[in-house]
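Just below is one structure, and these are the notes that go with it.
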Amino acid sequence: MAASSTIVCFGEMLIDFVPDVAGVSLAESQGFLKAPGGAPANVACSIAKLGGSAAFIGKVGKDEFGFMLADIIKKNGVNADGVLFDEHARTALAFVTLKKDGEREFMFYRNPSADMLLKESELKMDIIKQAKIFHYGSISLITEPCRSAHMAAMKAAKQAGVLLSYDPNVRLPLWPSAEAARQGIKSIWNEADFIKVSDDEVEFLTQKKSNDEEAVKSLWHDGLKLMVVTDGEKGCRYYTKSFKGKVPGYSVKTVDTTGAGDSFVGSLLVSMAKDTSIFTDEAKLKQALAFSNACGAICTTKKGAIPALPSVSDAQTLMSASK
């Protein structure tokens with residue numbers, strides 16, 4: 001294993017436009033707040049905010065929004081040496097509506113956006129090969145040339161003994177069809193050492209109920225060290241080769257669920273980078289997951305993803321208040 005403790009996050013970084021009033025449709029919204037987003041970038045910021053070492057690799061447009069995003073992740077303590085700027089394509093945008101319960105709907109502007117145009121030849125492979133963990137989603141698998149770059153990065157990481165972490169982050173509107181999404185997401189399933197899926201994603205991928213243990217089991221593969229299913233405010237379920245169980249969540253006043261899953265994953269990756277024995281030591285894993293549940297919960301109490309990311313003391317405060 002590489003001696004480094006850096007977690008490299010690969011994929012998209014974009015601007016989310018969030019209505020300034022929750023519970024209205026895009027058409028009814030009078031004003032929008034711009035919030036930096038893109039799951040892998042959120043995860044990188046989450047890691048850095050918790051004191052971990054994070055780097056981001058991806059492409060944005062050579063435009064105001066692209067510069068703004070690179071600047072934000074740097075300000076958040078993320079290594080941005082792997083960020084590229086495309087001369088010809090724009091930074092991706094997403095208009096996000098917050099429904100009354102804080103859940104979201106998306107409308108994307110990517111035709112094509114800069115993140116989709118990342119080429120294998122542009123990858124800073126040395127950053128990837130020196131990582132302890134390489135983390136990615138599935139949006140980078142949707143179109144070429146980014147898909148080939150993603151596959152090459154994964155392959156290089158695997159060969160260098162880097163741990164592969166996968167959070168599919170299903171965004172159906174971005175795929176040609178639901179079936180294409182299922183196939184695309186599952187096409188790299190068996191490469192990962194760690195997979196995090198939400199209860200909704202379990203239902204989408206298996207077409208069965210997420211509380212159906214057989215459905216969850218069908219997602220397990222023998223190369224996995226850990227699979228975690230997040231159940232929103234209820235907490236999460238964990239599965240390893242030798243044990244499984246669940247860890248309850250924390251109840252908070254939810255304003256916006258954006259970034260909660262990324263905050264959860266980021267904090268779990270920090271625990272993993274520190275101590276890989278969490279894969280085999282159930283007590284340690286449960287502790288790490290309780291901390292991740294607290295991080296995810298805190299993230300839902302504020303608008304936006306990156307501004308809402310918790311610090312270690314925020315999470316510890318919630319955990320001790322809930323004892």
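Identifiers for the structure tokens are assigned positionally: chains receive A, B, ... in sequence, residues are indexed from 1 per chain, and ligands are indexed from 1 in the order shown.
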
Which residues, written as an mmCIF file with C-alpha atoms, in the first residue's frame, have at least one atom at most 9 Å from range 147-150 of chain A, with only C-alpha atoms counted and residues fewer than 6 positions away on the same chain left out?
```
data_model
loop_
_atom_site.group_PDB
_atom_site.id
_atom_site.type_symbol
_atom_site.label_atom_id
_atom_site.label_comp_id
_atom_site.auth_asym_id
_atom_site.auth_seq_id
_atom_site.Cartn_x
_atom_site.Cartn_y
_atom_site.Cartn_z
ATOM 1 C CA PHE A 10 -12.452 12.084 -9.275
ATOM 2 C CA GLY A 11 -15.327 13.441 -11.372
ATOM 3 C CA MET A 116 -17.526 15.391 -19.732
ATOM 4 C CA LEU A 118 -11.764 15.142 -19.566
ATOM 5 C CA LYS A 119 -9.365 12.973 -21.609
ATOM 6 C CA GLU A 120 -7.194 10.125 -20.385
ATOM 7 C CA SER A 121 -4.073 11.961 -21.641
ATOM 8 C CA GLU A 122 -4.877 14.885 -19.314
ATOM 9 C CA LEU A 123 -4.963 12.811 -16.118
ATOM 10 C CA TYR A 136 -15.481 8.274 -7.718
ATOM 11 C CA ILE A 139 -21.698 10.475 -13.652
ATOM 12 C CA SER A 140 -18.192 10.375 -15.131
ATOM 13 C CA LEU A 141 -19.168 7.078 -16.848
#
```

With only C-alpha atoms counted and 10 Å as the cut-off, give the residues of range 140-238 of chain A in contact with range 279-285 of chain A, each with its shortest interatomic distance in Å and the pair that gives it, as a tab-separated table.
```
residue	atom	partner	partner_atom	distance
A:Phe194	CA	A:Phe279	CA	9.6
A:Leu224	CA	A:Phe279	CA	9.8
A:Lys225	CA	A:Phe279	CA	6.1
A:Leu226	CA	A:Phe279	CA	6.4
A:Met227	CA	A:Phe279	CA	9.9
A:Tyr238	CA	A:Leu285	CA	8.8
```

Hey, what's within 8 Å of range 294-308 of chain A if we count only C-alpha atoms and toss same-chain stuff fewer than 5 positions away? As a ChimeraX atom specification, please?
/A:18,35-37,42,45-46,233,249-264,267,314-316,318-319

Picked from range 20-256 of chain A by DSSP as strand (DSSP E), as number ranges by chain
A: 32-37, 54-61, 79-86, 93-98, 104-109, 133-136, 163-166, 194-198, 226-230, 235-239, 244-248

Based on the selection just made, write C-alpha atoms of those residues as a PDB file, in the first residue's frame.
```pdb
ATOM      1  CA  PHE A  32     -31.469  31.497  -7.013  1.00  0.00           C
ATOM      2  CA  LEU A  33     -28.393  31.190  -4.830  1.00  0.00           C
ATOM      3  CA  LYS A  34     -25.329  29.749  -6.497  1.00  0.00           C
ATOM      4  CA  ALA A  35     -23.812  26.881  -4.566  1.00  0.00           C
ATOM      5  CA  PRO A  36     -20.686  24.935  -5.519  1.00  0.00           C
ATOM      6  CA  GLY A  37     -21.484  21.270  -6.027  1.00  0.00           C
ATOM      7  CA  ALA A  54      -7.913  15.374  -0.080  1.00  0.00           C
ATOM      8  CA  ALA A  55      -7.176  16.017  -3.752  1.00  0.00           C
ATOM      9  CA  PHE A  56      -9.663  16.567  -6.584  1.00  0.00           C
ATOM     10  CA  ILE A  57      -9.239  15.564 -10.225  1.00  0.00           C
ATOM     11  CA  GLY A  58     -11.691  16.819 -12.819  1.00  0.00           C
ATOM     12  CA  LYS A  59     -12.365  19.423 -15.471  1.00  0.00           C
ATOM     13  CA  VAL A  60     -14.263  22.686 -15.404  1.00  0.00           C
ATOM     14  CA  GLY A  61     -14.732  25.383 -18.027  1.00  0.00           C
ATOM     15  CA  ASN A  79      -5.305  19.913  -3.430  1.00  0.00           C
ATOM     16  CA  ALA A  80      -6.438  21.255  -6.834  1.00  0.00           C
ATOM     17  CA  ASP A  81      -3.340  20.311  -8.890  1.00  0.00           C
ATOM     18  CA  GLY A  82      -5.501  17.854 -10.871  1.00  0.00           C
ATOM     19  CA  VAL A  83      -8.103  20.451 -11.867  1.00  0.00           C
ATOM     20  CA  LEU A  84      -8.166  21.235 -15.593  1.00  0.00           C
ATOM     21  CA  PHE A  85      -9.795  24.140 -17.442  1.00  0.00           C
ATOM     22  CA  ASP A  86     -11.416  23.521 -20.830  1.00  0.00           C
ATOM     23  CA  LEU A  93     -24.773  23.905 -14.095  1.00  0.00           C
ATOM     24  CA  ALA A  94     -27.677  22.320 -12.249  1.00  0.00           C
ATOM     25  CA  PHE A  95     -30.877  24.003 -11.168  1.00  0.00           C
ATOM     26  CA  VAL A  96     -32.063  22.301  -8.015  1.00  0.00           C
ATOM     27  CA  THR A  97     -35.524  22.669  -6.500  1.00  0.00           C
ATOM     28  CA  LEU A  98     -35.976  21.994  -2.831  1.00  0.00           C
ATOM     29  CA  ARG A 104     -34.482  17.660  -4.397  1.00  0.00           C
ATOM     30  CA  GLU A 105     -35.287  17.730  -8.095  1.00  0.00           C
ATOM     31  CA  PHE A 106     -32.621  18.536 -10.700  1.00  0.00           C
ATOM     32  CA  MET A 107     -32.447  20.235 -14.085  1.00  0.00           C
ATOM     33  CA  PHE A 108     -28.988  20.030 -15.669  1.00  0.00           C
ATOM     34  CA  TYR A 109     -27.163  22.166 -18.243  1.00  0.00           C
ATOM     35  CA  ILE A 133      -8.001   5.880  -1.554  1.00  0.00           C
ATOM     36  CA  PHE A 134      -9.390   6.722  -5.008  1.00  0.00           C
ATOM     37  CA  HIS A 135     -13.045   7.813  -4.819  1.00  0.00           C
ATOM     38  CA  TYR A 136     -15.481   8.274  -7.718  1.00  0.00           C
ATOM     39  CA  LEU A 163      -8.266   1.340  -2.340  1.00  0.00           C
ATOM     40  CA  LEU A 164     -11.205   1.987  -4.702  1.00  0.00           C
ATOM     41  CA  SER A 165     -14.260   3.768  -3.271  1.00  0.00           C
ATOM     42  CA  TYR A 166     -17.525   4.050  -5.246  1.00  0.00           C
ATOM     43  CA  PHE A 194     -15.895  -0.015  -0.795  1.00  0.00           C
ATOM     44  CA  ILE A 195     -19.382   0.910  -2.043  1.00  0.00           C
ATOM     45  CA  LYS A 196     -21.891   3.292  -0.494  1.00  0.00           C
ATOM     46  CA  VAL A 197     -25.461   3.261  -1.810  1.00  0.00           C
ATOM     47  CA  SER A 198     -28.592   4.986  -0.558  1.00  0.00           C
ATOM     48  CA  LEU A 226     -17.311  -2.985   2.945  1.00  0.00           C
ATOM     49  CA  MET A 227     -20.710  -2.014   1.572  1.00  0.00           C
ATOM     50  CA  VAL A 228     -22.840   0.591   3.331  1.00  0.00           C
ATOM     51  CA  VAL A 229     -26.518   1.323   2.646  1.00  0.00           C
ATOM     52  CA  THR A 230     -27.620   4.742   3.913  1.00  0.00           C
ATOM     53  CA  GLY A 235     -28.970   5.798   9.863  1.00  0.00           C
ATOM     54  CA  CYS A 236     -27.177   3.116   7.865  1.00  0.00           C
ATOM     55  CA  ARG A 237     -26.618  -0.609   7.364  1.00  0.00           C
ATOM     56  CA  TYR A 238     -23.179  -2.145   6.903  1.00  0.00           C
ATOM     57  CA  TYR A 239     -21.998  -5.373   5.285  1.00  0.00           C
ATOM     58  CA  LYS A 244     -23.278  -6.998   9.139  1.00  0.00           C
ATOM     59  CA  GLY A 245     -25.477  -4.705  11.179  1.00  0.00           C
ATOM     60  CA  LYS A 246     -26.941  -1.224  11.458  1.00  0.00           C
ATOM     61  CA  VAL A 247     -26.096   2.047  13.130  1.00  0.00           C
ATOM     62  CA  PRO A 248     -28.916   4.481  14.027  1.00  0.00           C
TER      63      PRO A 248
END
```

I'd like to know which residues of range 5-95 of chain A are alpha helix (DSSP H) (by DSSP, run on the backbone); could you write them as a PyMOL selection string?
chain A and resi 39-49+64-75

Would you mind listing what lies within 12 Å of Asp63 in chain A as JSON, numbers by chain, with only C-alpha atoms counted and same-chain residues fewer than 6 positions away left out?
{"A": [14, 69, 70, 84, 85, 86, 87, 88, 89, 90, 91, 92, 113, 114]}

Give me a file of those residues, with C-alpha atoms, as a CSV table (one decimal), in the first residue's frame.
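Produced file out32.csv, reproduced below:
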```
chain,number,residue,atom,x,y,z
A,14,LEU,CA,-20.4,22.2,-11.0
A,69,LEU,CA,-15.0,26.4,-8.2
A,70,ALA,CA,-11.3,25.7,-8.3
A,84,LEU,CA,-8.2,21.2,-15.6
A,85,PHE,CA,-9.8,24.1,-17.4
A,86,ASP,CA,-11.4,23.5,-20.8
A,87,GLU,CA,-11.1,26.3,-23.4
A,88,HIS,CA,-14.2,25.3,-25.4
A,89,ALA,CA,-16.8,24.0,-22.9
A,90,ARG,CA,-18.6,25.6,-20.0
A,91,THR,CA,-18.7,24.5,-16.4
A,92,ALA,CA,-21.7,22.4,-15.8
A,113,SER,CA,-20.0,20.5,-20.1
A,114,ALA,CA,-16.3,20.6,-19.4
```

Rank nothing, just name the residue among A:Lys62, A:Trp175, A:Gly266, A:Lys124 nearest to Ala152 in chain A, using only C-alpha atoms.
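Answer, going by the shortest atom-to-atom distance: A:Lys124.
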